[in-house]
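Data from work_32.cif: mmCIF, C-alpha atoms
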```
data_data
loop_
_atom_site.label_atom_id
_atom_site.label_comp_id
_atom_site.auth_asym_id
_atom_site.auth_seq_id
_atom_site.Cartn_x
_atom_site.Cartn_y
_atom_site.Cartn_z
CA MET A 1 107.49 85.88 69.40
CA SER A 2 111.01 84.77 70.27
CA ASP A 3 112.84 85.75 73.43
CA THR A 4 115.18 87.93 71.38
CA THR A 5 112.37 90.13 70.02
CA ARG A 6 110.02 90.16 72.99
CA GLU A 7 110.07 93.41 74.95
CA VAL A 8 110.90 92.69 78.57
CA PRO A 9 109.48 95.19 81.07
CA PRO A 10 112.13 96.83 83.24
CA HIS A 11 112.47 95.45 86.73
CA VAL A 12 112.84 97.98 89.49
CA ARG A 13 112.41 97.87 93.20
CA LEU A 14 111.57 100.65 95.60
CA GLU A 15 113.72 101.21 98.68
CA ALA A 16 112.69 103.56 101.49
CA TRP A 17 114.46 106.92 101.26
CA SER A 18 117.38 107.12 103.71
CA ASP A 19 120.20 109.41 104.82
CA ALA A 20 122.41 107.77 102.18
CA ASP A 21 120.24 109.14 99.34
CA LEU A 22 121.24 112.82 99.53
CA GLY A 23 123.60 112.39 96.56
CA LEU A 24 120.75 111.04 94.44
CA LEU A 25 118.61 114.04 95.34
CA ARG A 26 121.43 116.37 94.34
CA ARG A 27 121.79 114.57 91.00
CA LYS A 28 118.05 114.95 90.41
CA ASN A 29 118.36 118.71 91.01
CA ALA A 30 120.01 119.20 87.60
CA PRO A 31 118.47 121.72 85.17
CA GLU A 32 117.33 118.97 82.76
CA MET A 33 115.50 117.24 85.65
CA THR A 34 113.83 120.37 87.00
CA ASP A 35 112.98 122.26 83.80
CA HIS A 36 109.23 121.58 84.21
CA LEU A 37 109.34 122.18 87.97
CA GLY A 38 110.64 125.72 88.19
CA GLY A 39 114.36 124.94 87.92
CA PRO A 40 117.01 123.69 90.34
CA GLU A 41 116.60 124.31 94.06
CA SER A 42 119.16 125.88 96.39
CA GLU A 43 121.34 123.65 98.57
CA GLU A 44 119.28 124.80 101.57
CA LYS A 45 116.07 123.60 99.91
CA ILE A 46 117.70 120.32 98.85
CA LEU A 47 118.75 119.63 102.45
CA ALA A 48 115.26 120.45 103.72
CA ARG A 49 113.68 118.18 101.08
CA HIS A 50 116.09 115.38 101.97
CA GLY A 51 115.14 115.71 105.64
CA LYS A 52 111.46 115.60 104.75
CA TYR A 53 111.91 112.51 102.53
CA THR A 54 113.95 110.71 105.20
CA ALA A 55 111.36 111.51 107.90
CA MET A 56 108.64 109.98 105.71
CA SER A 57 110.28 106.56 106.15
CA ALA A 58 109.67 106.70 109.92
CA ARG A 59 105.98 107.63 109.71
CA PRO A 60 103.00 105.32 109.14
CA ALA A 61 102.66 104.37 105.45
CA THR A 62 99.25 106.11 105.31
CA GLU A 63 101.15 109.41 105.74
CA GLY A 64 103.17 108.82 102.58
CA ARG A 65 106.50 107.43 101.53
CA MET A 66 109.44 108.49 99.40
CA PHE A 67 111.47 105.83 97.65
CA LYS A 68 114.72 105.43 95.81
CA VAL A 69 114.14 103.59 92.50
CA VAL A 70 116.70 100.81 92.12
CA LEU A 71 117.40 98.55 89.13
CA ASP A 72 117.01 94.90 90.01
CA GLY A 73 120.12 92.93 89.26
CA THR A 74 122.58 95.85 89.34
CA GLY A 75 121.37 97.73 92.42
CA GLU A 76 121.90 101.06 90.63
CA ALA A 77 119.88 103.99 91.98
CA VAL A 78 118.12 105.46 88.94
CA GLY A 79 115.63 107.92 90.44
CA SER A 80 112.91 108.46 92.99
CA VAL A 81 109.17 108.10 93.39
CA GLY A 82 106.80 108.72 96.26
CA TYR A 83 103.28 109.41 97.44
CA TRP A 84 101.85 111.66 100.14
CA PRO A 85 98.39 112.80 101.28
CA ARG A 86 96.81 116.08 100.18
CA ILE A 87 93.38 117.60 99.74
CA TRP A 88 92.47 118.00 96.08
CA GLN A 89 89.20 119.64 95.07
CA GLY A 90 87.77 118.96 98.52
CA GLU A 91 88.76 115.27 98.55
CA ALA A 92 91.51 113.49 100.51
CA VAL A 93 93.82 111.90 97.93
CA TYR A 94 97.41 110.81 97.55
CA GLU A 95 99.71 112.77 95.25
CA THR A 96 102.69 111.18 93.53
CA GLY A 97 105.90 112.52 92.10
CA TYR A 98 108.65 110.70 90.22
CA GLY A 99 111.85 111.30 88.34
CA ILE A 100 114.41 109.11 86.59
CA LEU A 101 117.98 110.31 86.04
CA PRO A 102 118.67 111.40 82.44
CA GLU A 103 121.07 108.56 81.63
CA TYR A 104 118.34 106.00 82.46
CA GLN A 105 115.40 107.70 80.72
CA GLY A 106 113.66 106.18 77.72
CA ARG A 107 113.74 102.62 79.10
CA GLY A 108 110.30 102.47 80.74
CA LEU A 109 111.75 102.83 84.24
CA ALA A 110 109.52 105.77 85.22
CA ALA A 111 106.36 103.81 84.33
CA ALA A 112 107.69 100.76 86.20
CA ALA A 113 108.44 102.92 89.26
CA LEU A 114 105.01 104.56 89.05
CA LEU A 115 103.30 101.15 88.88
CA ALA A 116 105.30 100.06 91.94
CA VAL A 117 104.31 103.18 93.90
CA VAL A 118 100.65 102.61 92.99
CA GLU A 119 100.93 99.24 94.73
CA ALA A 120 102.72 100.79 97.72
CA ALA A 121 100.02 103.45 98.11
CA ARG A 122 97.28 100.85 97.65
CA SER A 123 98.84 98.67 100.36
CA ALA A 124 99.16 101.63 102.73
CA GLY A 125 95.43 102.18 102.89
CA GLY A 126 94.28 105.74 103.20
CA PRO A 127 92.88 107.76 100.30
CA ARG A 128 91.31 105.86 97.45
CA ARG A 129 92.84 107.91 94.60
CA LEU A 130 96.42 108.65 93.61
CA HIS A 131 97.00 111.78 91.49
CA ALA A 132 99.94 113.06 89.44
CA TYR A 133 100.17 116.61 88.08
CA PRO A 134 102.79 116.83 85.31
CA SER A 135 103.11 120.03 83.32
CA VAL A 136 101.00 119.93 80.15
CA ASP A 137 104.24 120.63 78.25
CA HIS A 138 106.11 117.64 79.70
CA ALA A 139 105.29 114.98 77.10
CA ALA A 140 107.42 112.24 78.67
CA SER A 141 105.87 112.62 82.12
CA ASN A 142 102.35 112.62 80.70
CA ALA A 143 103.20 109.48 78.67
CA THR A 144 104.47 107.85 81.88
CA CYS A 145 101.11 108.41 83.57
CA ARG A 146 99.28 106.99 80.55
CA LYS A 147 101.56 103.89 80.43
CA ALA A 148 100.99 103.28 84.15
CA GLY A 149 97.21 103.19 83.66
CA PHE A 150 96.30 106.61 85.05
CA GLU A 151 93.31 108.47 83.57
CA CYS A 152 93.59 112.11 82.56
CA ALA A 153 90.89 114.30 84.12
CA GLY A 154 92.07 117.31 82.10
CA GLU A 155 94.12 120.46 82.53
CA VAL A 156 94.27 122.24 85.88
CA GLU A 157 96.22 125.03 87.51
CA PHE A 158 98.53 123.43 90.04
CA GLU A 159 100.76 125.28 92.48
CA TYR A 160 104.36 124.09 92.24
CA PRO A 161 106.73 125.17 93.46
CA PRO A 162 104.82 127.03 96.21
CA GLY A 163 103.78 130.42 94.94
CA THR A 164 103.98 129.44 91.26
CA LEU A 165 100.96 128.29 89.23
CA LEU A 166 101.76 125.55 86.74
CA ARG A 167 99.49 124.42 83.89
CA SER A 168 99.26 120.70 84.56
CA ASN A 169 97.32 117.64 83.60
CA ASP A 170 95.48 115.95 86.46
CA TRP A 171 96.15 112.21 86.10
CA TRP A 172 94.59 109.81 88.62
CA ILE A 173 94.19 106.13 89.37
CA ASP A 174 91.78 104.35 91.69
CA LEU A 175 93.57 102.60 94.54
CA GLY A 176 90.56 100.46 95.43
CA SER A 177 91.19 96.73 95.24
CA GLY A 178 92.73 95.94 91.89
CA GLY A 179 92.74 99.56 90.64
#
```
Spell out the structure here as structure tokens.
Amino acid sequence: MSDTTREVPPHVRLEAWSDADLGLLRRKNAPEMTDHLGGPESEEKILARHGKYTAMSARPATEGRMFKVVLDGTGEAVGSVGYWPRIWQGEAVYETGYGILPEYQGRGLAAAALLAVVEAARSAGGPRRLHAYPSVDHAASNATCRKAGFECAGEVEFEYPPGTLLRSNDWWIDLGSGG
């Protein structure tokens, strides 16, 4: 296969969430980005979320991290990805969440970011499994989990946002050495 026809995987890097990333969080709060998550949040909730994400950068990595997803080469911020601890079905696990801005979607960037966060969570130590819970109706997010090597454990009721039950797929990956 020649270089002109070979598909080149997207190259992204993860940067720790910082005070400078509030604008990115606001851009991600658009209706098309939050349709499967209960809709846009208020400015008050956005500011609280930003504070939480920023604080994660100062804690030990085992307590989770939020990252800005950046394109290598251009330095453009294209989305976010992170992981944090939770108890799921009686087991300590990490949960992940991710989102790529609409103008960058369809390029494999979400899967690349998810693969990078798997490595970050693996390096952090802590729980052995990383889970994602996309809505069963969100085809692109479910495809992202599949492309990143997660296994689907089936449909579950997942609470998000707090107080709202969402029909989700429970995707997971083993963070033990090598996955």
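Atom CA of Pro85 of chain A to atom CA of Trp17 of chain A spans 17.1 Å [interatomic distance, one decimal].
Proximity of A:Met66, A:Ala20, A:Ala55, A:Leu166 to Ala120 of chain A, computed with only C-alpha atoms, is greatest for A:Met66.
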For Thr74 of chain A, work out the shell of residues within 12 Å, counting only C-alpha atoms and skipping chain neighbours fewer than 6 positions away, then give it as a list in words. His11, Val12 and Arg13 of chain A
I need the residue set behind the PyMOL selection byres ((chain A and resi 167-177) around 12) for this file; please write it as a ChimeraX atom specification. /A:36-37,88-89,93-97,114-115,117-139,141-160,164-166,178-179
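Atom CA of Gly39 of chain A lies 18.7 Å from atom CA of Gln105 of chain A.
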With a distance cut-off of 12 Å and all atoms listed in the file, select the neighbouring residues of Pro102 of chain A, excluding the residue or stretch itself and same-chain residues fewer than 3 positions from it, and output the selection as a ChimeraX atom specification. /A:27-34,78-79,99,105-107,109-110,140
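When atom CA of Ala112 of chain A is paired with atom CA of Thr54 of chain A, their separation reads 22.3 Å.
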Report the residues retrieved by the PyMOL selection byres ((chain A and resi 51) around 12) from the displayed file, expressed as JSON, numbers by chain. {"A": [17, 18, 19, 20, 21, 22, 25, 44, 45, 46, 47, 48, 49, 50, 52, 53, 54, 55, 56, 57, 58, 66]}
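Distance check against Leu24 of chain A using all atoms listed in the file: of A:Gly82, A:Ala61, A:Ala111, A:Ile100, the minimum falls on A:Ile100.
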Top pick for closest residue to Ala92 of chain A, considering A:Gly73, A:Glu63, A:Ala16, A:Glu41 and counting all atoms listed in the file: A:Glu63
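Counting only C-alpha atoms, the residue from A:Ser42, A:Ala113, A:Arg26, A:Gly108 that sits nearest to Val70 of chain A is A:Ala113.
Using only C-alpha atoms for every distance, the candidate list A:Gly163, A:Ile87, A:Val69, A:Gly75 yields A:Val69 as the residue closest to Leu101 of chain A.
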